[in-house]
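Okay, my_file.txt now, which holds compact mmCIF, C-alpha atoms:
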# COMPACT_ATOMS: atom_id res chain seq x y z
CA MET A 1 128.05 -88.77 -13.28
CA ASP A 2 128.43 -90.40 -9.90
CA LEU A 3 129.22 -87.05 -8.36
CA ARG A 4 126.13 -85.54 -9.97
CA HIS A 5 124.02 -88.46 -8.74
CA GLY A 6 125.54 -87.99 -5.32
CA GLN A 7 124.72 -84.29 -5.38
CA LEU A 8 121.17 -85.01 -6.43
CA THR A 9 120.78 -87.61 -3.70
CA LEU A 10 122.17 -85.15 -1.20
CA GLN A 11 119.86 -82.44 -2.46
CA ARG A 12 116.88 -84.81 -2.24
CA ARG A 13 117.89 -85.87 1.26
CA SER A 14 118.27 -82.23 2.29
CA PHE A 15 114.89 -81.45 0.81
CA ILE A 16 113.21 -84.31 2.66
CA THR A 17 114.95 -83.36 5.90
CA ALA A 18 113.90 -79.73 5.44
CA SER A 19 110.31 -80.77 4.66
CA VAL A 20 110.09 -82.99 7.74
CA ALA A 21 111.64 -80.25 9.88
CA THR A 22 109.18 -77.71 8.49
CA GLY A 23 106.28 -80.05 9.18
CA LEU A 24 107.44 -80.71 12.73
CA SER A 25 108.03 -77.04 13.42
CA ALA A 26 104.55 -76.28 12.06
CA LEU A 27 103.11 -78.84 14.46
CA SER A 28 104.94 -77.34 17.40
CA MET A 29 103.91 -73.77 16.55
CA PRO A 30 101.20 -72.03 18.56
CA THR A 31 97.75 -72.63 17.15
CA TRP A 32 97.51 -69.47 15.06
CA ALA A 33 94.45 -69.87 12.88
CA HIS A 34 95.82 -67.94 9.95
CA ASN A 35 93.93 -69.03 6.86
CA ASP A 36 91.94 -71.66 8.70
CA ALA A 37 89.58 -71.47 5.77
CA GLY A 38 86.81 -73.66 4.49
CA VAL A 39 83.25 -74.86 4.90
CA VAL A 40 81.97 -75.22 8.45
CA SER A 41 79.96 -78.42 8.59
CA PRO A 42 77.64 -78.68 10.32
CA PRO A 43 77.00 -74.94 10.59
CA ILE A 44 77.47 -73.57 14.10
CA ALA A 45 75.70 -70.84 16.02
CA PRO A 46 77.88 -68.02 17.37
CA PRO A 47 78.45 -67.42 21.08
CA ALA A 48 76.41 -64.83 22.96
CA VAL A 49 77.92 -61.44 22.10
CA SER A 50 76.39 -58.04 22.88
CA LEU A 51 76.96 -55.44 20.18
CA THR A 52 76.69 -51.67 19.88
CA LEU A 53 76.32 -50.52 16.28
CA GLU A 54 77.71 -47.39 14.66
CA ASP A 55 74.33 -45.68 15.11
CA LYS A 56 74.51 -46.38 18.88
CA SER A 57 71.75 -48.99 18.76
CA LYS A 58 72.31 -52.04 20.94
CA THR A 59 71.69 -55.61 19.86
CA THR A 60 73.23 -59.06 20.00
CA LEU A 61 75.23 -60.84 17.34
CA GLN A 62 72.59 -63.57 17.10
CA ALA A 63 69.78 -61.04 16.61
CA LEU A 64 71.75 -59.12 14.00
CA LEU A 65 72.61 -62.24 12.02
CA SER A 66 69.15 -63.78 12.16
CA ASN A 67 67.17 -63.68 8.87
CA HIS A 68 70.16 -62.28 7.01
CA VAL A 69 73.03 -63.75 5.07
CA THR A 70 76.04 -61.98 6.49
CA ALA A 71 79.69 -61.45 5.70
CA VAL A 72 81.60 -60.62 8.89
CA GLN A 73 85.14 -59.26 9.25
CA LEU A 74 87.19 -58.31 12.32
CA MET A 75 88.99 -54.96 12.34
CA PHE A 76 89.83 -51.92 14.45
CA THR A 77 89.72 -48.32 13.38
CA SER A 78 93.28 -47.36 14.37
CA CYS A 79 94.70 -50.24 12.31
CA GLU A 80 96.58 -48.71 9.38
CA ALA A 81 97.97 -51.83 7.76
CA THR A 82 95.44 -54.50 6.81
CA CYS A 83 92.17 -52.90 7.98
CA PRO A 84 92.10 -50.23 5.23
CA ILE A 85 92.26 -53.08 2.73
CA GLN A 86 89.39 -54.83 4.52
CA GLY A 87 87.40 -51.59 4.60
CA SER A 88 87.95 -50.97 0.90
CA LEU A 89 86.89 -54.51 0.00
CA PHE A 90 83.68 -54.33 2.08
CA ALA A 91 82.87 -50.89 0.64
CA ASP A 92 83.28 -52.30 -2.85
CA ALA A 93 81.16 -55.35 -1.95
CA ALA A 94 78.42 -53.08 -0.56
CA LYS A 95 78.47 -51.08 -3.79
CA LYS A 96 78.28 -54.24 -5.87
CA LEU A 97 75.38 -55.53 -3.74
CA GLY A 98 73.41 -52.34 -4.35
CA GLY A 99 69.75 -53.25 -4.06
CA ARG A 100 70.31 -56.92 -4.93
CA VAL A 101 70.30 -59.93 -2.59
CA LYS A 102 67.87 -58.38 -0.11
CA PRO A 103 68.82 -60.36 2.99
CA ALA A 104 72.56 -59.75 2.51
CA GLN A 105 74.52 -57.54 4.89
CA LEU A 106 78.12 -56.80 5.73
CA LEU A 107 79.34 -56.46 9.29
CA SER A 108 82.70 -55.17 10.55
CA ILE A 109 83.29 -56.03 14.20
CA SER A 110 85.96 -54.15 16.14
CA ILE A 111 88.43 -56.06 18.27
CA ASP A 112 89.33 -52.81 20.06
CA PRO A 113 86.03 -51.78 21.69
CA GLY A 114 87.82 -49.68 24.32
CA ASN A 115 88.90 -47.19 21.66
CA ASP A 116 86.40 -47.79 18.92
CA THR A 117 83.47 -45.63 19.95
CA GLU A 118 80.33 -45.48 17.83
CA GLU A 119 81.60 -42.21 16.33
CA ARG A 120 84.88 -43.76 15.31
CA LEU A 121 83.07 -46.72 13.77
CA ARG A 122 80.82 -44.35 11.85
CA ASP A 123 83.81 -42.35 10.62
CA TRP A 124 85.57 -45.54 9.59
CA LEU A 125 82.59 -46.62 7.46
CA LYS A 126 82.40 -43.15 5.91
CA ARG A 127 86.11 -43.18 5.12
CA PHE A 128 85.63 -46.10 2.75
CA GLY A 129 82.05 -45.46 1.63
CA ALA A 130 79.20 -46.01 4.08
CA SER A 131 76.26 -48.03 2.83
CA PRO A 132 72.94 -49.15 4.36
CA ARG A 133 74.10 -52.72 3.64
CA TRP A 134 77.22 -52.34 5.79
CA HIS A 135 77.36 -51.97 9.57
CA ALA A 136 80.16 -51.68 12.07
CA ALA A 137 79.85 -52.82 15.66
CA ARG A 138 81.80 -53.03 18.88
CA PRO A 139 81.27 -56.04 21.08
CA ALA A 140 81.34 -56.11 24.85
CA ALA A 141 85.03 -56.26 25.77
CA ARG A 142 84.63 -59.39 27.90
CA GLN A 143 83.13 -61.31 24.97
CA ILE A 144 85.78 -60.63 22.33
CA GLN A 145 87.96 -63.62 23.10
CA SER A 146 85.07 -66.06 22.78
CA LEU A 147 84.19 -64.49 19.41
CA ILE A 148 87.80 -64.69 18.14
CA THR A 149 88.04 -68.31 19.29
CA PHE A 150 84.72 -69.17 17.65
CA LEU A 151 85.78 -67.60 14.35
CA LYS A 152 89.32 -69.02 14.63
CA ALA A 153 90.45 -65.49 13.83
CA LYS A 154 93.56 -65.26 15.99
CA ASN A 155 96.60 -64.39 13.96
CA ALA A 156 100.35 -64.37 14.48
CA PRO A 157 101.80 -61.00 15.56
CA PRO A 158 102.07 -58.24 14.55
CA ASP A 159 98.55 -58.46 13.08
CA PRO A 160 96.15 -59.57 15.83
CA HIS A 161 93.44 -60.67 13.43
CA THR A 162 93.20 -62.25 10.01
CA GLY A 163 91.88 -60.63 6.83
CA GLN A 164 89.35 -63.42 6.44
CA VAL A 165 85.61 -63.06 5.93
CA TYR A 166 83.21 -65.24 7.94
CA TYR A 167 79.90 -66.10 6.30
CA PHE A 168 76.66 -66.75 8.17
CA ASN A 169 73.47 -68.30 6.76
CA LEU A 170 69.88 -67.08 7.18
CA ARG A 171 69.65 -68.90 10.50
CA GLY A 172 72.61 -66.90 11.76
CA GLU A 173 74.99 -69.88 11.73
CA LEU A 174 78.63 -69.81 10.63
CA VAL A 175 78.93 -71.77 7.38
CA LEU A 176 82.21 -70.67 5.79
CA ARG A 177 85.56 -69.11 6.62
CA SER A 178 87.21 -67.48 3.59
CA VAL A 179 90.91 -67.15 2.86
CA ASP A 180 92.51 -63.76 3.62
CA PHE A 181 91.15 -60.79 1.68
CA PRO A 182 88.54 -62.33 -0.63
CA SER A 183 87.60 -60.03 -3.49
CA ALA A 184 84.39 -58.00 -3.44
CA VAL A 185 83.10 -60.09 -6.34
CA GLU A 186 83.68 -63.25 -4.36
CA ILE A 187 81.98 -61.84 -1.24
CA VAL A 188 78.87 -60.87 -3.21
CA ARG A 189 78.80 -64.20 -5.06
CA THR A 190 79.00 -66.12 -1.77
CA LEU A 191 76.23 -64.05 -0.17
CA GLU A 192 74.05 -64.63 -3.25
CA ALA A 193 74.62 -68.38 -3.03
CA LEU A 194 73.81 -68.40 0.68
CA ALA A 195 70.61 -66.39 0.14
CA LYS A 196 69.47 -68.83 -2.57
CA ARG A 197 70.19 -71.78 -0.35
CA GLY A 198 67.92 -70.38 2.36
CA MET B 199 155.97 -17.55 -35.42
CA SER B 200 157.54 -17.39 -32.00
CA LEU B 201 156.33 -19.48 -29.10
CA ARG B 202 155.03 -16.39 -27.43
CA GLY B 203 153.05 -15.53 -30.53
CA SER B 204 151.53 -19.03 -30.69
CA ILE B 205 150.40 -18.88 -27.09
CA LYS B 206 148.84 -15.48 -27.66
CA ARG B 207 147.15 -16.75 -30.76
CA TRP B 208 145.61 -19.81 -29.04
CA LYS B 209 144.94 -18.19 -25.68
CA VAL B 210 141.45 -16.95 -26.43
CA PRO B 211 140.14 -20.12 -28.10
CA LEU B 212 141.66 -22.30 -25.38
CA ILE B 213 140.09 -20.25 -22.64
CA SER B 214 136.75 -20.32 -24.47
CA VAL B 215 136.84 -24.09 -24.84
CA GLY B 216 137.84 -24.45 -21.20
CA LEU B 217 135.04 -22.22 -20.02
CA THR B 218 132.49 -23.94 -22.25
CA GLY B 219 133.57 -27.36 -20.99
CA ALA B 220 133.47 -26.28 -17.40
CA SER B 221 130.05 -24.71 -17.75
CA ALA B 222 128.75 -27.78 -19.60
CA PHE B 223 130.09 -29.95 -16.82
CA GLY B 224 128.50 -27.65 -14.26
CA ILE B 225 125.16 -27.66 -16.03
CA GLY B 226 125.36 -31.44 -16.34
CA ALA B 227 125.97 -31.75 -12.61
CA ILE B 228 123.15 -29.35 -11.86
CA LEU B 229 120.76 -31.26 -14.15
CA LYS B 230 121.80 -34.56 -12.60
CA HIS B 231 121.27 -33.18 -9.12
CA SER B 232 117.92 -31.75 -10.14
CA ALA B 233 116.78 -35.09 -11.63
CA GLU B 234 117.83 -36.87 -8.44
CA ARG B 235 115.85 -34.40 -6.37
CA SER B 236 112.80 -34.88 -8.60
CA ARG B 237 113.09 -38.65 -8.20
CA LEU B 238 113.40 -38.32 -4.44
CA GLU B 239 110.37 -36.07 -4.30
CA LEU B 240 108.26 -38.36 -6.47
CA GLY B 241 109.36 -41.33 -4.35
CA ARG B 242 108.38 -39.52 -1.15
CA LYS B 243 104.98 -38.63 -2.57
CA LEU B 244 104.35 -42.21 -3.67
CA VAL B 245 105.30 -43.57 -0.23
CA LEU B 246 102.91 -41.13 1.43
CA GLY B 247 100.17 -41.76 -1.13
CA VAL B 248 100.17 -38.11 -2.21
CA GLU B 249 100.78 -39.31 -5.76
CA PRO B 250 98.33 -41.98 -6.97
CA LEU B 251 99.48 -45.59 -6.65
CA LYS B 252 98.00 -48.49 -8.58
CA GLY B 253 97.85 -51.58 -6.38
CA ARG B 254 95.54 -54.52 -5.83
CA MET B 255 95.37 -57.74 -3.84
CA VAL B 256 96.57 -60.97 -5.42
CA GLY B 257 93.89 -62.45 -7.68
CA HIS B 258 91.65 -59.38 -7.52
CA ASP B 259 90.53 -57.57 -10.65
CA LEU B 260 90.25 -54.03 -9.26
CA ASP B 261 92.79 -51.53 -7.97
CA LEU B 262 92.34 -50.38 -4.39
CA PRO B 263 92.26 -46.70 -3.41
CA THR B 264 95.69 -45.07 -3.06
CA ALA B 265 95.11 -44.40 0.66
CA THR B 266 94.64 -48.14 1.15
CA VAL B 267 97.78 -49.27 -0.68
CA ARG B 268 100.29 -46.51 0.15
CA CYS B 269 103.59 -47.84 1.47
CA GLN B 270 103.51 -45.93 4.73
CA ASN B 271 100.43 -47.84 5.92
CA CYS B 272 102.67 -50.82 6.68
CA HIS B 273 106.32 -49.80 6.27
CA LYS B 274 108.42 -47.38 8.30
CA ILE B 275 111.07 -45.67 6.19
CA GLY B 276 114.68 -45.37 7.38
CA GLN B 277 114.89 -44.30 11.01
CA GLU B 278 111.25 -43.25 11.34
CA PRO B 279 110.21 -43.79 14.96
CA GLY B 280 107.77 -46.52 15.91
CA LYS B 281 107.29 -50.18 15.16
CA SER B 282 107.02 -51.14 11.53
CA PHE B 283 104.16 -53.54 10.74
CA ALA B 284 105.95 -54.85 7.66
CA PRO B 285 109.74 -54.80 7.05
CA ARG B 286 111.35 -51.40 7.56
CA LEU B 287 112.53 -49.93 4.26
CA SER B 288 116.00 -48.38 4.22
CA GLN B 289 119.24 -48.64 2.33
CA ALA B 290 120.62 -51.00 4.97
CA SER B 291 117.60 -53.31 5.03
CA LEU B 292 117.23 -53.49 1.26
CA THR B 293 120.78 -53.57 -0.03
CA GLY B 294 122.30 -55.53 2.85
CA LEU B 295 122.96 -59.22 2.23
CA VAL B 296 120.41 -60.79 4.60
CA LYS B 297 118.13 -63.82 4.81
CA ARG B 298 114.54 -62.94 4.01
CA ARG B 299 111.51 -65.15 4.62
CA GLY B 300 113.64 -68.24 5.14
CA GLY B 301 115.37 -67.97 1.78
CA PRO B 302 119.12 -67.75 1.16
CA PRO B 303 120.85 -64.40 1.82
CA SER B 304 119.90 -61.85 -0.79
CA ARG B 305 119.94 -58.13 -1.47
CA TYR B 306 117.68 -55.90 -3.51
CA ASP B 307 118.66 -53.73 -6.43
CA VAL B 308 116.34 -51.51 -8.40
CA ALA B 309 115.33 -54.37 -10.72
CA THR B 310 114.47 -56.88 -7.98
CA PHE B 311 112.77 -54.11 -5.98
CA CYS B 312 110.54 -53.29 -8.94
CA GLY B 313 109.99 -57.02 -9.43
CA VAL B 314 108.80 -57.67 -5.87
CA LEU B 315 106.38 -54.75 -6.09
CA ALA B 316 104.91 -56.09 -9.33
CA ASP B 317 104.78 -59.84 -8.77
CA GLY B 318 105.61 -60.45 -5.11
CA VAL B 319 108.78 -62.49 -5.72
CA ASP B 320 111.76 -61.36 -3.65
CA PRO B 321 115.44 -61.44 -4.79
CA ALA B 322 115.84 -64.94 -3.34
CA HIS B 323 112.82 -66.05 -5.40
CA VAL B 324 110.64 -66.41 -2.30
CA MET B 325 107.02 -65.20 -2.48
CA ILE B 326 106.18 -62.38 -0.08
CA PRO B 327 102.91 -62.56 1.94
CA GLN B 328 99.65 -62.03 0.09
CA THR B 329 98.82 -59.30 2.60
CA MET B 330 100.95 -56.96 0.53
CA PRO B 331 99.24 -55.59 -2.56
CA ARG B 332 100.89 -55.98 -5.94
CA TYR B 333 101.63 -52.74 -7.77
CA ASN B 334 101.38 -51.59 -11.35
CA LEU B 335 104.01 -48.85 -11.47
CA THR B 336 105.77 -47.14 -14.33
CA GLU B 337 109.54 -47.56 -14.57
CA GLN B 338 109.92 -43.95 -13.47
CA GLU B 339 107.67 -44.39 -10.41
CA CYS B 340 109.43 -47.55 -9.36
CA ALA B 341 112.90 -45.98 -9.75
CA ALA B 342 111.68 -42.99 -7.73
CA LEU B 343 110.48 -45.25 -4.91
CA TRP B 344 113.82 -47.07 -4.91
CA THR B 345 115.73 -43.77 -4.84
CA TYR B 346 113.65 -42.53 -1.91
CA VAL B 347 113.73 -45.62 0.28
CA THR B 348 117.45 -46.22 -0.27
CA ALA B 349 118.23 -42.59 0.53
CA ASN B 350 117.05 -43.29 4.09
Would you mind writing the file out in structure tokens?
Amino acid sequence: MDLRHGQLTLQRRSFITASVATGLSALSMPTWAHNDAGVVSPPIAPPAVSLTLEDKSKTTLQALLSNHVTAVQLMFTSCEATCPIQGSLFADAAKKLGGRVKPAQLLSISIDPGNDTEERLRDWLKRFGASPRWHAARPAARQIQSLITFLKAKNAPPDPHTGQVYYFNLRGELVLRSVDFPSAVEIVRTLEALAKRG
Amino acid sequence: MSLRGSIKRWKVPLISVGLTGASAFGIGAILKHSAERSRLELGRKLVLGVEPLKGRMVGHDLDLPTATVRCQNCHKIGQEPGKSFAPRLSQASLTGLVKRRGGPPSRYDVATFCGVLADGVDPAHVMIPQTMPRYNLTEQECAALWTYVTAN
């Protein structure tokens, strides 16, 4: 009985030690923003970012977001691991949106603008199911870091970005960071709620 | 009857039985080899996404397209060149006694391999990342995948 109690105490002590060690190691880790999810309050406007869309038109992130409720994801077309999942989920969300929630749009922004030409972005959208509700864009290379920092989208290697979705309100402000890979149903539901809120 | 006579008398049946046994054994070996090859081929096709795979993200209610959830998107098999995004799949990496995801040393067998694909719990009872889809495979498909990845 004593031995068992001793074992339990030892186990508990080991558990506490391990927990504290884990906590400390987490604190000392680099500030990867993996799953830095939740409501952004107050909402914040994005930094100035120039964008070229898949149809070669040029705009800015602020202009594109304005008067829309938008779900944004980061990706790159040569990514074979997580980006196909992101593409499939946005394609499904676009299909589910159909003609509903008029101001809603989906936007995939490349973090590899050097390689992701407009043609490659167009092909990437087609690969999963292009939709008028879904755009892909490449930002100016010099502005990517400020965008990643703003979104808190930096991820631990080997994946340089998270699978999160970033939601913007009608004023083009960031209001919510999702967990990794939200479902299409959840994306559409969130856009609907944001559109109703105005 | 003399000994010689007995041998003569039993010679033909004995030879027949021997030949039948040998051919049965041969056919058995051929069938076994053929089944193994079929499993390997099915496993290869599943890894490449040539055969349809049913997989979805944790908590989602819809399967993703096969091209999105095929193994080769994230895993290199055996000695395939290049960096593997997710753990490399080979006989050594799966059946070797190693620490995975901070858990105690563990090794996969076909049952735990099928388990991790279905529910994301590894042989040391540690949950794998949610980045990996969860798969709805038949027993045959899962065994074929195991046969293929452990043959490399």
- Message: Given the point (95.8, -49.1, -5.9) in the file's coordinates, find the residues that have an atom at most 6 Å from it, counting only C-alpha atoms, and give them as a ChimeraX atom specification.
- Response: /B:251-254,261-264,267
- Message: Could you check the closest approach to chain A for each of B:Ala309, B:Met330, B:Ala322, B:Leu238 and tell me which residue wins, using only C-alpha atoms?
- Response: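 Among B:Ala309, B:Met330, B:Ala322, B:Leu238, it is B:Met330 that comes nearest to chain A.
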Polymer residues at most 9 Å from Leu194 of chain A, all atoms listed in the file, same-chain spacing of 4 or more positions, as a PDB file with C-alpha atoms, in the coordinates of the input:
ATOM      1  CA  VAL A  69      73.030 -63.750   5.070  1.00  0.00           C
ATOM      2  CA  THR A  70      76.040 -61.980   6.490  1.00  0.00           C
ATOM      3  CA  ALA A 104      72.560 -59.750   2.510  1.00  0.00           C
ATOM      4  CA  TYR A 167      79.900 -66.100   6.300  1.00  0.00           C
ATOM      5  CA  PHE A 168      76.660 -66.750   8.170  1.00  0.00           C
ATOM      6  CA  ASN A 169      73.470 -68.300   6.760  1.00  0.00           C
ATOM      7  CA  LEU A 170      69.880 -67.080   7.180  1.00  0.00           C
ATOM      8  CA  ARG A 189      78.800 -64.200  -5.060  1.00  0.00           C
ATOM      9  CA  THR A 190      79.000 -66.120  -1.770  1.00  0.00           C
ATOM     10  CA  GLY A 198      67.920 -70.380   2.360  1.00  0.00           C
TER      11      GLY A 198
END
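Residues of chain B having any atom within 10 Å of chain A, counting only C-alpha atoms, are Arg254, Met255, Val256, Gly257, His258, Asp259, Leu260, Leu262, Pro263, Ala265, Thr266, Val267, Arg268, Cys269, Gln270, Asn271, Cys272, His273, Lys281, Ser282, Phe283, Ala284, Gln328, Thr329, Met330 and Pro331 of chain B.
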Would you put the residues from that selection into a file with C-alpha atoms, as a compact mmCIF listing (two decimals), in the coordinates of the input?
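Final output, saved to result_33.txt:
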# COMPACT_ATOMS: atom_id res chain seq x y z
CA ARG B 254 95.54 -54.52 -5.83
CA MET B 255 95.37 -57.74 -3.84
CA VAL B 256 96.57 -60.97 -5.42
CA GLY B 257 93.89 -62.45 -7.68
CA HIS B 258 91.65 -59.38 -7.52
CA ASP B 259 90.53 -57.57 -10.65
CA LEU B 260 90.25 -54.03 -9.26
CA LEU B 262 92.34 -50.38 -4.39
CA PRO B 263 92.26 -46.70 -3.41
CA ALA B 265 95.11 -44.40 0.66
CA THR B 266 94.64 -48.14 1.15
CA VAL B 267 97.78 -49.27 -0.68
CA ARG B 268 100.29 -46.51 0.15
CA CYS B 269 103.59 -47.84 1.47
CA GLN B 270 103.51 -45.93 4.73
CA ASN B 271 100.43 -47.84 5.92
CA CYS B 272 102.67 -50.82 6.68
CA HIS B 273 106.32 -49.80 6.27
CA LYS B 281 107.29 -50.18 15.16
CA SER B 282 107.02 -51.14 11.53
CA PHE B 283 104.16 -53.54 10.74
CA ALA B 284 105.95 -54.85 7.66
CA GLN B 328 99.65 -62.03 0.09
CA THR B 329 98.82 -59.30 2.60
CA MET B 330 100.95 -56.96 0.53
CA PRO B 331 99.24 -55.59 -2.56
- Message: Ranking B:Thr345, B:Thr336, B:Thr310, B:Ser288 by minimum distance to Arg235 of chain B and counting all atoms listed in the file, which one comes first?
- Response: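 The shortest atom-to-atom distance to Arg235 of chain B comes from B:Thr345.
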- Selection near Leu51 of chain A, 7 Å with all atoms listed in the file, sequence-local residues under 6 positions removed, as a PyMOL selection string: chain A and resi 58-61+137-140
Dump of C-alpha atoms for the selected residues, as a PDB file, in the frame of the given file:
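Listed below is the output, selection-v2.pdb:
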ATOM      1  CA  LYS A  58      72.310 -52.040  20.940  1.00  0.00           C
ATOM      2  CA  THR A  59      71.690 -55.610  19.860  1.00  0.00           C
ATOM      3  CA  THR A  60      73.230 -59.060  20.000  1.00  0.00           C
ATOM      4  CA  LEU A  61      75.230 -60.840  17.340  1.00  0.00           C
ATOM      5  CA  ALA A 137      79.850 -52.820  15.660  1.00  0.00           C
ATOM      6  CA  ARG A 138      81.800 -53.030  18.880  1.00  0.00           C
ATOM      7  CA  PRO A 139      81.270 -56.040  21.080  1.00  0.00           C
ATOM      8  CA  ALA A 140      81.340 -56.110  24.850  1.00  0.00           C
TER       9      ALA A 140
END
- Note on the structure: From atom CA of Ser304 of chain B to atom CA of Arg286 of chain B the spacing works out at 15.9 Å
- Message: Let me make sure I understand: among B:Leu287, B:Ile275, B:Cys312, B:Val347, which one has the smallest atom-to-atom distance to Arg332 of chain B if we use only C-alpha atoms?
- Response: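 For Arg332 of chain B, the nearest of the given residues is B:Cys312.
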- Item | Length of the atom CA of Leu315 of chain B to atom CA of Tyr333 of chain B vector [Å] | 5.4 Å
- Between atom CA of Asp317 of chain B and atom CA of Gly300 of chain B, measure the distance and give it in Å to one decimal.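 Taking atom CA of Asp317 of chain B as the start and atom CA of Gly300 of chain B as the end point, the length is 18.5 Å.
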Please list as a PDB file with C-alpha atoms, keeping the file's coordinate frame every residue within 10 Å of Phe150 of chain A, counting all atoms listed in the file and excluding residues in the same chain fewer than 4 positions away.
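What landed in part35.pdb:
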ATOM      1  CA  ILE A  44      77.470 -73.570  14.100  1.00  0.00           C
ATOM      2  CA  ALA A  45      75.700 -70.840  16.020  1.00  0.00           C
ATOM      3  CA  PRO A  46      77.880 -68.020  17.370  1.00  0.00           C
ATOM      4  CA  PRO A  47      78.450 -67.420  21.080  1.00  0.00           C
ATOM      5  CA  ILE A 144      85.780 -60.630  22.330  1.00  0.00           C
ATOM      6  CA  GLN A 145      87.960 -63.620  23.100  1.00  0.00           C
ATOM      7  CA  SER A 146      85.070 -66.060  22.780  1.00  0.00           C
ATOM      8  CA  LYS A 154      93.560 -65.260  15.990  1.00  0.00           C
ATOM      9  CA  LEU A 174      78.630 -69.810  10.630  1.00  0.00           C
TER      10      LEU A 174
END
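Closest approach to Thr348 of chain B among B:Val319, B:Val314, B:Ile326, B:Leu292: B:Leu292, based on all atoms listed in the file.
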- Query: Restricting the calculation to all atoms listed in the file, which member of A:Val175, A:Leu151, A:Leu191, A:Leu125 is positioned closest to Leu74 of chain A?
  - Reply: A:Leu151
- Message: Need to verify the contact set: Val308 of chain B, 12 Å, only C-alpha atoms, exclusion of same-chain residues closer than 5 positions in sequence. Can you return it as a count of residues only?
- Response: 20
- Using all atoms listed in the file, determine which residues lie at most 10 Å from Ala290 of chain B, disregarding the query and same-chain residues fewer than 4 positions distant; provide the list as a PyMOL selection string. chain B and resi 276+286+294-296+305+347-350
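Residue nearest Ala48 of chain A within the list A:Asn155, A:Thr149, A:Ser66, A:Gln143: A:Gln143 [criterion: smallest interatomic distance, all atoms listed in the file].
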